[in-house]
$ cat target_28.txt   # compact mmCIF, C-alpha atoms
# COMPACT_ATOMS: atom_id res chain seq x y z
CA MET A 19 -76.94 16.09 -22.99
CA SER A 20 -79.69 14.06 -21.33
CA LEU A 21 -81.39 11.31 -23.30
CA ARG A 22 -84.89 11.80 -24.64
CA LEU A 23 -87.55 9.66 -22.97
CA THR A 24 -90.56 8.13 -24.71
CA ALA A 25 -94.06 8.37 -23.28
CA LEU A 26 -93.68 4.72 -22.24
CA ASP A 27 -90.44 5.16 -20.27
CA ALA A 28 -92.04 4.44 -16.90
CA VAL A 29 -93.66 1.30 -18.32
CA HIS A 30 -90.33 -0.04 -19.57
CA ARG A 31 -88.70 0.52 -16.20
CA SER A 32 -91.55 -1.15 -14.37
CA LEU A 33 -91.05 -4.18 -16.61
CA GLY A 34 -87.35 -4.32 -15.75
CA ALA A 35 -86.15 -3.46 -19.25
CA THR A 36 -82.45 -3.08 -19.99
CA MET A 37 -82.24 0.42 -21.42
CA THR A 38 -79.77 1.78 -23.95
CA ASP A 39 -78.89 5.03 -25.69
CA PHE A 40 -80.19 4.81 -29.24
CA ALA A 41 -79.83 7.95 -31.38
CA GLY A 42 -80.20 10.14 -28.29
CA TRP A 43 -83.23 8.25 -26.92
CA ASP A 44 -83.32 6.04 -23.84
CA MET A 45 -84.82 2.89 -25.34
CA PRO A 46 -85.52 -0.68 -24.17
CA LEU A 47 -82.88 -3.05 -25.51
CA ARG A 48 -84.49 -6.14 -24.02
CA TYR A 49 -86.86 -7.11 -21.21
CA GLY A 50 -85.50 -10.60 -20.63
CA SER A 51 -84.29 -13.14 -23.16
CA GLU A 52 -83.61 -11.69 -26.62
CA ARG A 53 -84.17 -15.13 -28.11
CA GLU A 54 -87.57 -15.51 -26.43
CA GLU A 55 -88.63 -12.06 -27.61
CA HIS A 56 -87.52 -12.87 -31.16
CA LEU A 57 -89.33 -16.21 -31.26
CA ALA A 58 -92.48 -14.69 -29.74
CA VAL A 59 -92.72 -12.38 -32.74
CA ARG A 60 -92.10 -15.25 -35.16
CA THR A 61 -94.68 -17.56 -33.58
CA LYS A 62 -97.10 -15.42 -31.55
CA ALA A 63 -96.76 -11.65 -31.12
CA GLY A 64 -94.50 -8.98 -29.70
CA LEU A 65 -95.11 -5.42 -28.52
CA PHE A 66 -92.62 -2.66 -29.35
CA ASP A 67 -92.12 0.98 -28.41
CA LEU A 68 -90.82 2.74 -31.53
CA SER A 69 -91.41 6.30 -30.38
CA HIS A 70 -87.83 7.25 -31.30
CA MET A 71 -88.76 7.31 -34.99
CA GLY A 72 -89.09 10.76 -36.56
CA GLU A 73 -92.49 11.90 -37.84
CA ILE A 74 -92.52 14.88 -40.21
CA THR A 75 -95.79 16.19 -41.62
CA VAL A 76 -95.92 17.89 -45.02
CA THR A 77 -99.10 19.79 -45.88
CA GLY A 78 -100.37 22.22 -48.50
CA PRO A 79 -101.54 22.36 -52.10
CA GLN A 80 -98.09 21.40 -53.39
CA ALA A 81 -97.15 18.90 -50.67
CA GLY A 82 -97.01 16.05 -53.17
CA GLU A 83 -94.94 18.04 -55.64
CA LEU A 84 -92.51 19.01 -52.90
CA LEU A 85 -92.00 15.38 -51.91
CA ASP A 86 -91.58 14.36 -55.55
CA HIS A 87 -88.82 16.99 -55.75
CA ALA A 88 -87.20 16.12 -52.42
CA LEU A 89 -87.37 12.31 -52.51
CA VAL A 90 -86.57 9.69 -55.14
CA GLY A 91 -90.09 8.23 -55.19
CA PHE A 92 -93.22 9.30 -57.07
CA VAL A 93 -94.98 10.26 -53.85
CA SER A 94 -97.76 12.41 -55.32
CA ALA A 95 -99.07 9.30 -57.12
CA LEU A 96 -99.95 7.69 -53.78
CA ALA A 97 -103.64 7.27 -53.02
CA VAL A 98 -104.93 8.56 -49.69
CA ASN A 99 -104.30 6.01 -46.88
CA LYS A 100 -101.50 4.33 -48.81
CA ALA A 101 -97.84 4.18 -47.79
CA ARG A 102 -94.60 3.84 -49.72
CA TYR A 103 -91.00 2.94 -48.94
CA THR A 104 -88.64 5.52 -50.44
CA MET A 105 -85.38 7.39 -49.87
CA ILE A 106 -84.00 10.89 -49.62
CA CYS A 107 -80.71 11.30 -51.44
CA ALA A 108 -78.00 13.93 -51.60
CA PRO A 109 -77.39 15.75 -54.90
CA ASP A 110 -74.57 13.27 -55.59
CA GLY A 111 -77.00 10.35 -55.22
CA GLY A 112 -75.78 9.17 -51.82
CA ILE A 113 -78.51 7.86 -49.51
CA LEU A 114 -79.29 10.27 -46.66
CA ASP A 115 -82.03 8.06 -45.20
CA ASP A 116 -84.64 5.49 -46.11
CA LEU A 117 -88.19 6.49 -45.26
CA ILE A 118 -91.81 5.45 -45.22
CA VAL A 119 -94.25 8.08 -46.48
CA TYR A 120 -97.95 7.84 -45.62
CA ARG A 121 -100.53 9.85 -47.55
CA THR A 122 -102.96 10.86 -44.82
CA GLY A 123 -105.09 13.29 -46.87
CA ASP A 124 -105.44 14.94 -50.26
CA ALA A 125 -102.90 17.59 -49.26
CA GLU A 126 -101.18 15.90 -46.31
CA PHE A 127 -98.38 13.37 -45.95
CA MET A 128 -96.46 11.96 -43.02
CA VAL A 129 -92.79 11.16 -43.56
CA VAL A 130 -91.26 8.73 -41.04
CA ALA A 131 -87.48 8.92 -40.77
CA ASN A 132 -84.99 6.85 -38.84
CA ALA A 133 -84.25 8.27 -35.39
CA SER A 134 -80.58 8.90 -36.14
CA ASN A 135 -81.43 10.88 -39.29
CA ALA A 136 -84.68 12.59 -38.29
CA GLN A 137 -83.19 16.06 -37.81
CA LEU A 138 -81.23 15.80 -41.06
CA VAL A 139 -84.35 14.75 -42.98
CA LEU A 140 -86.35 17.57 -41.39
CA ASP A 141 -83.68 20.12 -42.32
CA GLU A 142 -83.40 18.80 -45.88
CA LEU A 143 -87.15 18.80 -46.46
CA THR A 144 -87.40 22.32 -45.05
CA ALA A 145 -84.64 23.56 -47.35
CA ARG A 146 -86.05 21.75 -50.37
CA ALA A 147 -89.52 23.22 -49.72
CA GLU A 148 -88.42 26.64 -50.98
CA GLY A 149 -90.62 27.68 -53.87
CA PHE A 150 -93.38 25.18 -53.10
CA ASN A 151 -96.76 26.01 -51.60
CA ALA A 152 -96.27 23.50 -48.80
CA VAL A 153 -95.38 23.46 -45.11
CA VAL A 154 -92.95 21.07 -43.43
CA ARG A 155 -93.73 20.47 -39.74
CA ASP A 156 -91.71 18.64 -37.10
CA ASP A 157 -94.21 16.28 -35.43
CA ARG A 158 -91.77 14.15 -33.45
CA ASP A 159 -93.31 15.30 -30.17
CA ALA A 160 -96.87 14.81 -31.43
CA TYR A 161 -96.70 11.03 -31.63
CA ALA A 162 -95.82 7.92 -29.70
CA LEU A 163 -95.36 4.89 -31.95
CA ILE A 164 -96.36 1.42 -30.76
CA ALA A 165 -96.00 -1.71 -32.89
CA VAL A 166 -97.63 -5.09 -32.44
CA GLN A 167 -95.97 -7.66 -34.69
CA GLY A 168 -96.41 -11.37 -35.27
CA PRO A 169 -98.93 -13.88 -36.64
CA ASP A 170 -101.38 -13.30 -33.77
CA SER A 171 -101.26 -9.49 -34.05
CA PRO A 172 -104.48 -9.22 -36.15
CA ALA A 173 -106.47 -11.16 -33.55
CA ILE A 174 -105.01 -9.16 -30.66
CA LEU A 175 -105.54 -5.76 -32.25
CA GLY A 176 -108.89 -6.81 -33.71
CA SER A 177 -110.36 -7.11 -30.24
CA LEU A 178 -109.55 -3.46 -29.52
CA THR A 179 -110.50 -1.63 -32.70
CA ASP A 180 -113.44 -1.03 -34.99
CA ALA A 181 -111.11 -0.87 -38.00
CA ASP A 182 -111.54 -3.37 -40.83
CA LEU A 183 -108.25 -5.20 -40.26
CA PRO A 184 -108.90 -7.94 -42.87
CA GLY A 185 -109.40 -5.17 -45.43
CA LEU A 186 -106.30 -3.25 -44.35
CA LYS A 187 -103.64 -4.28 -46.85
CA TYR A 188 -99.87 -4.20 -46.41
CA TYR A 189 -98.51 -0.63 -46.63
CA THR A 190 -101.92 0.86 -45.99
CA ALA A 191 -102.89 3.12 -43.08
CA LEU A 192 -106.12 4.67 -41.87
CA PRO A 193 -107.47 6.67 -38.92
CA ALA A 194 -109.02 4.34 -36.35
CA THR A 195 -109.96 3.96 -32.72
CA VAL A 196 -107.85 1.59 -30.60
CA ALA A 197 -108.94 0.88 -27.03
CA GLY A 198 -111.23 3.88 -27.31
CA ARG A 199 -108.46 6.26 -28.35
CA PRO A 200 -107.63 7.74 -31.78
CA ALA A 201 -104.73 6.29 -33.74
CA LEU A 202 -103.30 6.22 -37.22
CA LEU A 203 -103.22 2.48 -37.76
CA ALA A 204 -100.73 1.22 -40.35
CA ARG A 205 -100.11 -2.32 -41.60
CA THR A 206 -96.37 -1.85 -41.72
CA GLY A 207 -93.43 -3.20 -39.76
CA TYR A 208 -89.75 -4.11 -39.68
CA THR A 209 -89.81 -7.74 -38.55
CA GLY A 210 -90.75 -9.82 -41.57
CA GLU A 211 -94.06 -10.74 -39.90
CA ASP A 212 -97.59 -9.48 -40.28
CA GLY A 213 -98.22 -6.61 -37.91
CA PHE A 214 -99.31 -3.07 -37.26
CA GLU A 215 -97.81 0.26 -36.23
CA LEU A 216 -99.97 2.66 -34.22
CA PHE A 217 -99.23 6.38 -34.27
CA VAL A 218 -100.94 7.73 -31.14
CA ALA A 219 -100.91 10.79 -28.92
CA PRO A 220 -98.17 10.48 -26.27
CA GLY A 221 -100.80 10.91 -23.56
CA ASP A 222 -102.64 7.83 -24.83
CA ALA A 223 -99.58 5.60 -25.16
CA GLU A 224 -99.68 3.96 -21.72
CA ALA A 225 -103.39 3.14 -21.97
CA ILE A 226 -103.03 1.62 -25.45
CA TRP A 227 -99.92 -0.36 -24.40
CA ALA A 228 -101.82 -1.70 -21.37
CA ALA A 229 -104.85 -2.63 -23.48
CA LEU A 230 -102.70 -4.47 -26.03
CA THR A 231 -100.85 -6.25 -23.23
CA GLU A 232 -104.11 -7.43 -21.70
CA ALA A 233 -105.65 -8.45 -25.02
CA GLY A 234 -102.51 -10.32 -25.98
CA ALA A 235 -101.96 -12.19 -22.73
CA SER A 236 -103.82 -15.32 -23.83
CA PHE A 237 -101.90 -15.32 -27.13
CA GLY A 238 -98.47 -15.17 -25.52
CA LEU A 239 -97.72 -11.57 -26.52
CA ILE A 240 -94.67 -10.16 -24.72
CA PRO A 241 -92.87 -6.79 -24.76
CA CYS A 242 -89.87 -6.75 -27.10
CA GLY A 243 -86.80 -4.53 -27.28
CA LEU A 244 -84.59 -3.15 -30.01
CA SER A 245 -82.18 -6.09 -29.86
CA CYS A 246 -84.68 -8.64 -31.17
CA ARG A 247 -86.02 -6.09 -33.64
CA ASP A 248 -82.55 -6.08 -35.18
CA THR A 249 -82.33 -9.88 -35.51
CA LEU A 250 -85.88 -10.02 -36.87
CA ARG A 251 -85.14 -7.47 -39.61
CA LEU A 252 -81.82 -9.19 -40.36
CA GLU A 253 -83.53 -12.55 -40.93
CA ALA A 254 -86.05 -10.76 -43.16
CA GLY A 255 -83.23 -9.21 -45.21
CA MET A 256 -84.33 -5.66 -44.42
CA PRO A 257 -81.64 -2.96 -44.68
CA LEU A 258 -80.65 -0.80 -41.72
CA TYR A 259 -79.37 2.72 -42.25
CA GLY A 260 -75.74 2.97 -41.19
CA HIS A 261 -75.17 -0.68 -42.06
CA GLU A 262 -76.60 -1.63 -45.48
CA LEU A 263 -77.34 2.00 -46.42
CA ASN A 264 -75.18 5.13 -46.12
CA THR A 265 -74.14 8.29 -47.95
CA SER A 266 -71.40 6.49 -49.90
CA LEU A 267 -74.01 4.27 -51.59
CA THR A 268 -76.70 5.15 -54.09
CA PRO A 269 -79.96 3.16 -54.17
CA PHE A 270 -78.54 1.31 -57.20
CA ASP A 271 -75.41 0.33 -55.26
CA ALA A 272 -77.68 -1.04 -52.53
CA GLY A 273 -79.75 -3.10 -54.97
CA LEU A 274 -82.74 -0.86 -54.34
CA GLY A 275 -82.84 1.04 -57.60
CA ARG A 276 -86.52 0.13 -57.90
CA VAL A 277 -87.38 2.90 -55.42
CA VAL A 278 -86.03 5.56 -57.80
CA ARG A 279 -88.75 6.82 -60.10
CA PHE A 280 -87.44 8.54 -63.21
CA ASP A 281 -90.98 8.57 -64.64
CA LYS A 282 -92.36 11.30 -62.37
CA THR A 283 -94.71 13.67 -64.15
CA THR A 284 -94.39 16.51 -61.62
CA ASN A 285 -91.70 19.21 -61.59
CA ASP A 286 -90.83 18.38 -65.21
CA GLY A 287 -89.49 15.09 -63.86
CA GLU A 288 -86.73 16.80 -61.91
CA PHE A 289 -85.80 15.84 -58.35
CA VAL A 290 -82.78 16.21 -56.10
CA GLY A 291 -80.06 13.82 -57.21
CA ARG A 292 -81.66 12.85 -60.54
CA ALA A 293 -78.60 13.45 -62.75
CA ALA A 294 -76.30 11.54 -60.40
CA LEU A 295 -78.78 8.69 -60.06
CA GLU A 296 -79.20 8.38 -63.83
CA LYS A 297 -75.43 7.90 -64.07
CA ALA A 298 -75.52 5.41 -61.20
CA ALA A 299 -78.26 3.44 -62.97
CA GLU A 300 -76.24 3.34 -66.20
CA GLN A 301 -73.09 2.28 -64.36
CA ALA A 302 -74.93 -0.44 -62.44
CA ALA A 303 -76.34 -1.82 -65.69
CA ALA A 304 -72.94 -1.80 -67.41
CA THR A 305 -70.80 -2.95 -64.48
CA PRO A 306 -72.78 -4.53 -61.65
CA PRO A 307 -71.70 -3.14 -58.30
CA ARG A 308 -71.14 -5.31 -55.27
CA VAL A 309 -74.30 -7.26 -54.50
CA LEU A 310 -76.00 -7.48 -51.12
CA VAL A 311 -76.26 -11.16 -50.23
CA GLY A 312 -76.95 -13.38 -47.27
CA LEU A 313 -74.24 -15.49 -45.64
CA VAL A 314 -74.91 -18.55 -43.47
CA SER A 315 -72.18 -20.02 -41.30
CA PRO A 316 -72.04 -23.75 -40.48
CA GLY A 317 -69.91 -22.95 -37.44
CA ARG A 318 -70.50 -21.08 -34.21
CA ARG A 319 -68.45 -17.92 -34.80
CA VAL A 320 -70.68 -15.00 -35.76
CA PRO A 321 -69.72 -12.77 -38.71
CA ARG A 322 -69.96 -9.15 -37.57
CA ALA A 323 -70.24 -5.80 -39.31
CA GLU A 324 -67.07 -4.53 -41.03
CA MET A 325 -65.42 -7.97 -41.18
CA ASN A 326 -64.03 -8.77 -44.63
CA VAL A 327 -65.37 -11.49 -46.92
CA VAL A 328 -62.61 -13.35 -48.78
CA ASP A 329 -62.35 -15.89 -51.60
CA ALA A 330 -60.44 -19.18 -51.61
CA GLU A 331 -57.16 -17.35 -52.17
CA GLY A 332 -57.79 -14.97 -49.28
CA THR A 333 -58.48 -11.99 -51.53
CA VAL A 334 -60.99 -9.53 -50.08
CA ILE A 335 -64.17 -9.68 -52.19
CA GLY A 336 -66.66 -8.03 -49.85
CA VAL A 337 -67.55 -6.71 -46.42
CA ILE A 338 -70.10 -7.68 -43.77
CA THR A 339 -72.76 -5.05 -43.05
CA SER A 340 -74.78 -6.85 -40.35
CA GLY A 341 -74.38 -10.16 -38.56
CA ALA A 342 -75.91 -12.05 -35.63
CA PRO A 343 -76.95 -15.50 -34.44
CA SER A 344 -80.31 -16.36 -36.03
CA PRO A 345 -82.81 -17.65 -33.46
CA THR A 346 -85.06 -18.94 -36.27
CA LEU A 347 -82.37 -20.75 -38.27
CA GLY A 348 -80.21 -21.71 -35.29
CA LYS A 349 -77.08 -20.58 -37.16
CA PRO A 350 -74.96 -17.43 -37.45
CA ILE A 351 -76.08 -15.26 -40.38
CA ALA A 352 -74.91 -12.03 -41.98
CA MET A 353 -75.60 -9.64 -44.81
CA ALA A 354 -72.66 -8.52 -46.91
CA TYR A 355 -71.82 -6.62 -50.06
CA VAL A 356 -69.72 -8.94 -52.23
CA ASP A 357 -68.30 -8.75 -55.75
CA ALA A 358 -70.88 -9.82 -58.32
CA ALA A 359 -68.68 -12.80 -59.36
CA HIS A 360 -69.14 -14.30 -55.88
CA ALA A 361 -72.81 -13.41 -55.35
CA THR A 362 -74.36 -16.57 -56.80
CA PRO A 363 -76.35 -18.52 -54.20
CA GLY A 364 -74.46 -21.64 -53.19
CA SER A 365 -71.05 -20.02 -53.58
CA SER A 366 -68.55 -20.83 -50.87
CA VAL A 367 -66.59 -17.91 -49.48
CA ALA A 368 -65.16 -17.10 -46.06
CA VAL A 369 -65.25 -14.39 -43.45
CA ASP A 370 -62.05 -13.09 -41.90
CA VAL A 371 -62.83 -13.43 -38.18
CA ARG A 372 -59.81 -11.95 -36.42
CA GLY A 373 -57.36 -13.59 -38.81
CA THR A 374 -59.18 -16.91 -39.20
CA HIS A 375 -61.05 -17.56 -42.43
CA GLU A 376 -64.40 -19.04 -41.40
CA PRO A 377 -66.29 -20.70 -44.31
CA VAL A 378 -69.78 -19.40 -45.11
CA GLU A 379 -72.33 -20.08 -47.83
CA VAL A 380 -73.85 -17.36 -49.99
CA ILE A 381 -77.65 -17.40 -50.13
CA ALA A 382 -80.25 -15.14 -51.69
CA LEU A 383 -81.98 -12.80 -49.27
CA PRO A 384 -84.09 -13.02 -47.21
CA PHE A 385 -83.04 -15.71 -44.77
CA TYR A 386 -86.63 -16.01 -43.58
CA LYS A 387 -89.95 -15.39 -45.31
CA ARG A 388 -93.24 -15.88 -43.52
CA ALA A 389 -95.97 -18.08 -44.97
CA ARG A 390 -98.79 -15.93 -46.32
$ encode --input "target_28.txt" --output "structure tokens"
Amino acid sequence: MSLRLTALDAVHRSLGATMTDFAGWDMPLRYGSEREEHLAVRTKAGLFDLSHMGEITVTGPQAGELLDHALVGFVSALAVNKARYTMICAPDGGILDDLIVYRTGDAEFMVVANASNAQLVLDELTARAEGFNAVVRDDRDAYALIAVQGPDSPAILGSLTDADLPGLKYYTALPATVAGRPALLARTGYTGEDGFELFVAPGDAEAIWAALTEAGASFGLIPCGLSCRDTLRLEAGMPLYGHELNTSLTPFDAGLGRVVRFDKTTNDGEFVGRAALEKAAEQAAATPPRVLVGLVSPGRRVPRAEMNVVDAEGTVIGVITSGAPSPTLGKPIAMAYVDAAHATPGSSVAVDVRGTHEPVEVIALPFYKRAR
């Protein structure tokens, strides 16, 4: 099967991007140095094509009630133009995907799923819509998604839009004009920096990308690929589906029980997975599950996903979920689920790197937090 191409595919190739298959999409992995792209986002600004993400629109008089039933969050309580991080779980409480939901109107929401899970989320929402006066629509082909991230992103975007960027708070979105073209402009991102995500018509993507590139030239903005996006989110302690999140974990196992809202007032408080999640919450309170922590290595060997974490006796007490060299810290870092007894910051444990136990220090996440 041929890979899907984004509306910016020709642009990436003209820039000499290294392309990769990501969830069935041909996506830019890097344009040059991954480290330079990473540090540009931390210190200046970076430009990303995120058009592989899956947009699903839910409309109708009971759109909010449907999402309250289908997801773990209290979505109908969102004000128009607000966004919320949430999850869709299986009946047994396992995480099917983590999502951002934007309320774009009184009776309209946009659900943004991870590329690898977009079809699953669409199918689940469609099935769970039975009995609700609401329509679930696949809008993956209706949008290109461009992100500008980094401390200079407000100044860069501000020169191209009439939107009130200073008044646009984190996890807020509103219709706007960018470079003379319509966009849903959201103050969201996956890098740990200030930034914006622009949902635009595919036919407008090249013009908006070019306008942002030109406006950002004096600031040092550069195009950035998926590789640096991964190290940026890792430093920021942000979970990635398939690594920190999967169907074998509930939100409580992942330390994200806060996203589960048992206080919903719609649908008599019922939602898919509620009974299983109530048990998971009780179990987590009584016997803490493994805790997601950060690990920092003083050496040069990088802890990688699926490597075991061991104690001083060599007993396995956890597993790495993500690991990489940190351009910001200048050290190898990783996230891992470890037994609660070894999760205290400052604890010394080790990672089994091909039979050698490399010492690492446990720290509280995130590794990096921007100054506000």
$ closest_residue --input "target_28.txt" --among "A:Leu68, A:Val290, A:Ala272, A:Leu202" --to "Arg146 (chain A)" --atoms "all atoms listed in the file"
A:Val290
$ atom_distance --input "target_28.txt" --atom1 "CA of Phe214 (chain A)" --atom2 "CA of His56 (chain A)"
16.5 Å
$ residues_around --input "target_28.txt" --residues "region 29-38 of chain A" --least-positions-apart "6" --cutoff "12 Å" --atoms "all atoms listed in the file" --output "MDAnalysis selection string"
chainID A and resid 21:23 44:52 65:67 223:228 231 240:245
$ closest_residue --input "target_28.txt" --among "A:Asn326, A:Ser69, A:Thr144, A:Ser94" --to "Val130 (chain A)" --atoms "only C-alpha atoms"
A:Ser69
$ atom_distance --input "target_28.txt" --atom1 "CA of Val320 (chain A)" --atom2 "CA of Thr339 (chain A)"
12.5 Å
$ residues_around --input "target_28.txt" --residues "region 260-263 of chain A" --least-positions-apart "6" --cutoff "12 Å" --atoms "all atoms listed in the file" --output "compact mmCIF listing (two decimals) with C-alpha atoms, in the coordinates of the input"
# COMPACT_ATOMS: atom_id res chain seq x y z
CA ALA A 41 -79.83 7.95 -31.38
CA MET A 105 -85.38 7.39 -49.87
CA ILE A 106 -84.00 10.89 -49.62
CA CYS A 107 -80.71 11.30 -51.44
CA GLY A 112 -75.78 9.17 -51.82
CA ILE A 113 -78.51 7.86 -49.51
CA LEU A 114 -79.29 10.27 -46.66
CA ASP A 115 -82.03 8.06 -45.20
CA ASP A 116 -84.64 5.49 -46.11
CA LEU A 117 -88.19 6.49 -45.26
CA ASN A 132 -84.99 6.85 -38.84
CA ALA A 133 -84.25 8.27 -35.39
CA SER A 134 -80.58 8.90 -36.14
CA ASN A 135 -81.43 10.88 -39.29
CA ASP A 248 -82.55 -6.08 -35.18
CA ARG A 251 -85.14 -7.47 -39.61
CA LEU A 252 -81.82 -9.19 -40.36
CA PRO A 269 -79.96 3.16 -54.17
CA PHE A 270 -78.54 1.31 -57.20
CA ASP A 271 -75.41 0.33 -55.26
CA ALA A 272 -77.68 -1.04 -52.53
CA GLY A 273 -79.75 -3.10 -54.97
CA LEU A 274 -82.74 -0.86 -54.34
CA ARG A 308 -71.14 -5.31 -55.27
CA VAL A 309 -74.30 -7.26 -54.50
CA LEU A 310 -76.00 -7.48 -51.12
CA VAL A 311 -76.26 -11.16 -50.23
CA GLY A 312 -76.95 -13.38 -47.27
CA ARG A 322 -69.96 -9.15 -37.57
CA ALA A 323 -70.24 -5.80 -39.31
CA GLU A 324 -67.07 -4.53 -41.03
CA VAL A 337 -67.55 -6.71 -46.42
CA ILE A 338 -70.10 -7.68 -43.77
CA THR A 339 -72.76 -5.05 -43.05
CA SER A 340 -74.78 -6.85 -40.35
CA GLY A 341 -74.38 -10.16 -38.56
CA ALA A 352 -74.91 -12.03 -41.98
CA MET A 353 -75.60 -9.64 -44.81
CA ALA A 354 -72.66 -8.52 -46.91
CA TYR A 355 -71.82 -6.62 -50.06
$ closest_residue --input "target_28.txt" --among "A:Asp110, A:Asp182, A:Asp124, A:Asp212" --to "Lys297 (chain A)" --atoms "only C-alpha atoms"
A:Asp110
$ atom_distance --input "target_28.txt" --atom1 "CA of Val129 (chain A)" --atom2 "CA of Asp159 (chain A)"
14.0 Å
$ residues_around --input "target_28.txt" --residues "region 72-74 of chain A" --least-positions-apart "4" --cutoff "8 Å" --atoms "all atoms listed in the file" --output "PDB file with C-alpha atoms, in the coordinates of the input"
ATOM      1  CA  MET A 128     -96.460  11.960 -43.020  1.00  0.00           C
ATOM      2  CA  VAL A 129     -92.790  11.160 -43.560  1.00  0.00           C
ATOM      3  CA  VAL A 130     -91.260   8.730 -41.040  1.00  0.00           C
ATOM      4  CA  ALA A 131     -87.480   8.920 -40.770  1.00  0.00           C
ATOM      5  CA  ASN A 132     -84.990   6.850 -38.840  1.00  0.00           C
ATOM      6  CA  ALA A 133     -84.250   8.270 -35.390  1.00  0.00           C
ATOM      7  CA  ALA A 136     -84.680  12.590 -38.290  1.00  0.00           C
ATOM      8  CA  LEU A 140     -86.350  17.570 -41.390  1.00  0.00           C
ATOM      9  CA  VAL A 154     -92.950  21.070 -43.430  1.00  0.00           C
ATOM     10  CA  ARG A 155     -93.730  20.470 -39.740  1.00  0.00           C
ATOM     11  CA  ASP A 156     -91.710  18.640 -37.100  1.00  0.00           C
ATOM     12  CA  ASP A 157     -94.210  16.280 -35.430  1.00  0.00           C
ATOM     13  CA  ARG A 158     -91.770  14.150 -33.450  1.00  0.00           C
ATOM     14  CA  TYR A 161     -96.700  11.030 -31.630  1.00  0.00           C
TER      15      TYR A 161
END
$ closest_residue --input "target_28.txt" --among "A:Thr346, A:Thr362, A:Thr374, A:Gln167" --to "Gly64 (chain A)" --atoms "all atoms listed in the file"
A:Gln167
$ closest_residue --input "target_28.txt" --among "A:Thr284, A:Thr249, A:Thr265, A:Thr75" --to "Pro343 (chain A)" --atoms "all atoms listed in the file"
A:Thr249
$ residues_around --input "target_28.txt" --residues "Glu253 (chain A)" --least-positions-apart "2" --cutoff "9 Å" --atoms "all atoms listed in the file" --output "list in words"
Thr209, Gly210, Asp248, Thr249, Leu250, Arg251, Gly255, Met256, Ser344, Thr346, Leu347, Ile351, Ala352, Leu383, Pro384, Phe385, Tyr386 and Lys387 of chain A
$ closest_residue --input "target_28.txt" --among "A:Ala58, A:Ala25, A:Leu230, A:Val90" --to "Ala293 (chain A)" --atoms "all atoms listed in the file"
A:Val90
$ residues_around --input "target_28.txt" --residues "Leu85 (chain A)" --least-positions-apart "2" --cutoff "10 Å" --atoms "only C-alpha atoms" --output "ChimeraX atom specification"
/A:76,80-83,87-94,106,119,127,129,143,146-147,150,152,289
$ residues_near_point --input "target_28.txt" --point "(-69.7, -10.0, -62.1)" --cutoff "7 Å" --atoms "only C-alpha atoms" --output "MDAnalysis selection string"
chainID A and resid 306 357:359
$ axis_aligned_box --input "target_28.txt" --around "region 49-66 of chain A" --padding-each-side "3 Å" --output "AutoDock Vina command-line options"
--center_x -90.4 --center_y -10.1 --center_z -27.9 --size_x 19.5 --size_y 20.9 --size_z 20.5
$ build_atoms --input "target_28.txt" --residues "region 266-276 of chain A" --atoms "N, CA and C atoms" --output "PDB file, in the coordinates of the input"
ATOM      1  N   SER A 266     -72.345   6.884 -48.849  1.00  0.00           N
ATOM      2  CA  SER A 266     -71.400   6.490 -49.900  1.00  0.00           C
ATOM      3  C   SER A 266     -72.047   5.570 -50.933  1.00  0.00           C
ATOM      4  N   LEU A 267     -73.287   5.166 -50.678  1.00  0.00           N
ATOM      5  CA  LEU A 267     -74.010   4.270 -51.590  1.00  0.00           C
ATOM      6  C   LEU A 267     -75.202   4.989 -52.198  1.00  0.00           C
ATOM      7  N   THR A 268     -75.454   4.718 -53.468  1.00  0.00           N
ATOM      8  CA  THR A 268     -76.700   5.150 -54.090  1.00  0.00           C
ATOM      9  C   THR A 268     -77.715   4.010 -53.948  1.00  0.00           C
ATOM     10  N   PRO A 269     -79.000   4.267 -54.200  1.00  0.00           N
ATOM     11  CA  PRO A 269     -79.960   3.160 -54.170  1.00  0.00           C
ATOM     12  C   PRO A 269     -79.593   2.024 -55.127  1.00  0.00           C
ATOM     13  N   PHE A 270     -78.934   2.338 -56.230  1.00  0.00           N
ATOM     14  CA  PHE A 270     -78.540   1.310 -57.200  1.00  0.00           C
ATOM     15  C   PHE A 270     -77.395   0.469 -56.646  1.00  0.00           C
ATOM     16  N   ASP A 271     -76.478   1.090 -55.911  1.00  0.00           N
ATOM     17  CA  ASP A 271     -75.410   0.330 -55.260  1.00  0.00           C
ATOM     18  C   ASP A 271     -75.974  -0.631 -54.233  1.00  0.00           C
ATOM     19  N   ALA A 272     -77.075  -0.231 -53.585  1.00  0.00           N
ATOM     20  CA  ALA A 272     -77.680  -1.040 -52.530  1.00  0.00           C
ATOM     21  C   ALA A 272     -78.659  -2.063 -53.065  1.00  0.00           C
ATOM     22  N   GLY A 273     -78.796  -2.153 -54.393  1.00  0.00           N
ATOM     23  CA  GLY A 273     -79.750  -3.100 -54.970  1.00  0.00           C
ATOM     24  C   GLY A 273     -81.186  -2.670 -54.816  1.00  0.00           C
ATOM     25  N   LEU A 274     -81.397  -1.383 -54.564  1.00  0.00           N
ATOM     26  CA  LEU A 274     -82.740  -0.860 -54.340  1.00  0.00           C
ATOM     27  C   LEU A 274     -83.091   0.220 -55.364  1.00  0.00           C
ATOM     28  N   GLY A 275     -82.563   0.071 -56.556  1.00  0.00           N
ATOM     29  CA  GLY A 275     -82.840   1.040 -57.600  1.00  0.00           C
ATOM     30  C   GLY A 275     -84.313   1.143 -57.958  1.00  0.00           C
ATOM     31  N   ARG A 276     -85.085   0.107 -57.586  1.00  0.00           N
ATOM     32  CA  ARG A 276     -86.520   0.130 -57.900  1.00  0.00           C
ATOM     33  C   ARG A 276     -87.244   1.273 -57.210  1.00  0.00           C
TER      34      ARG A 276
END
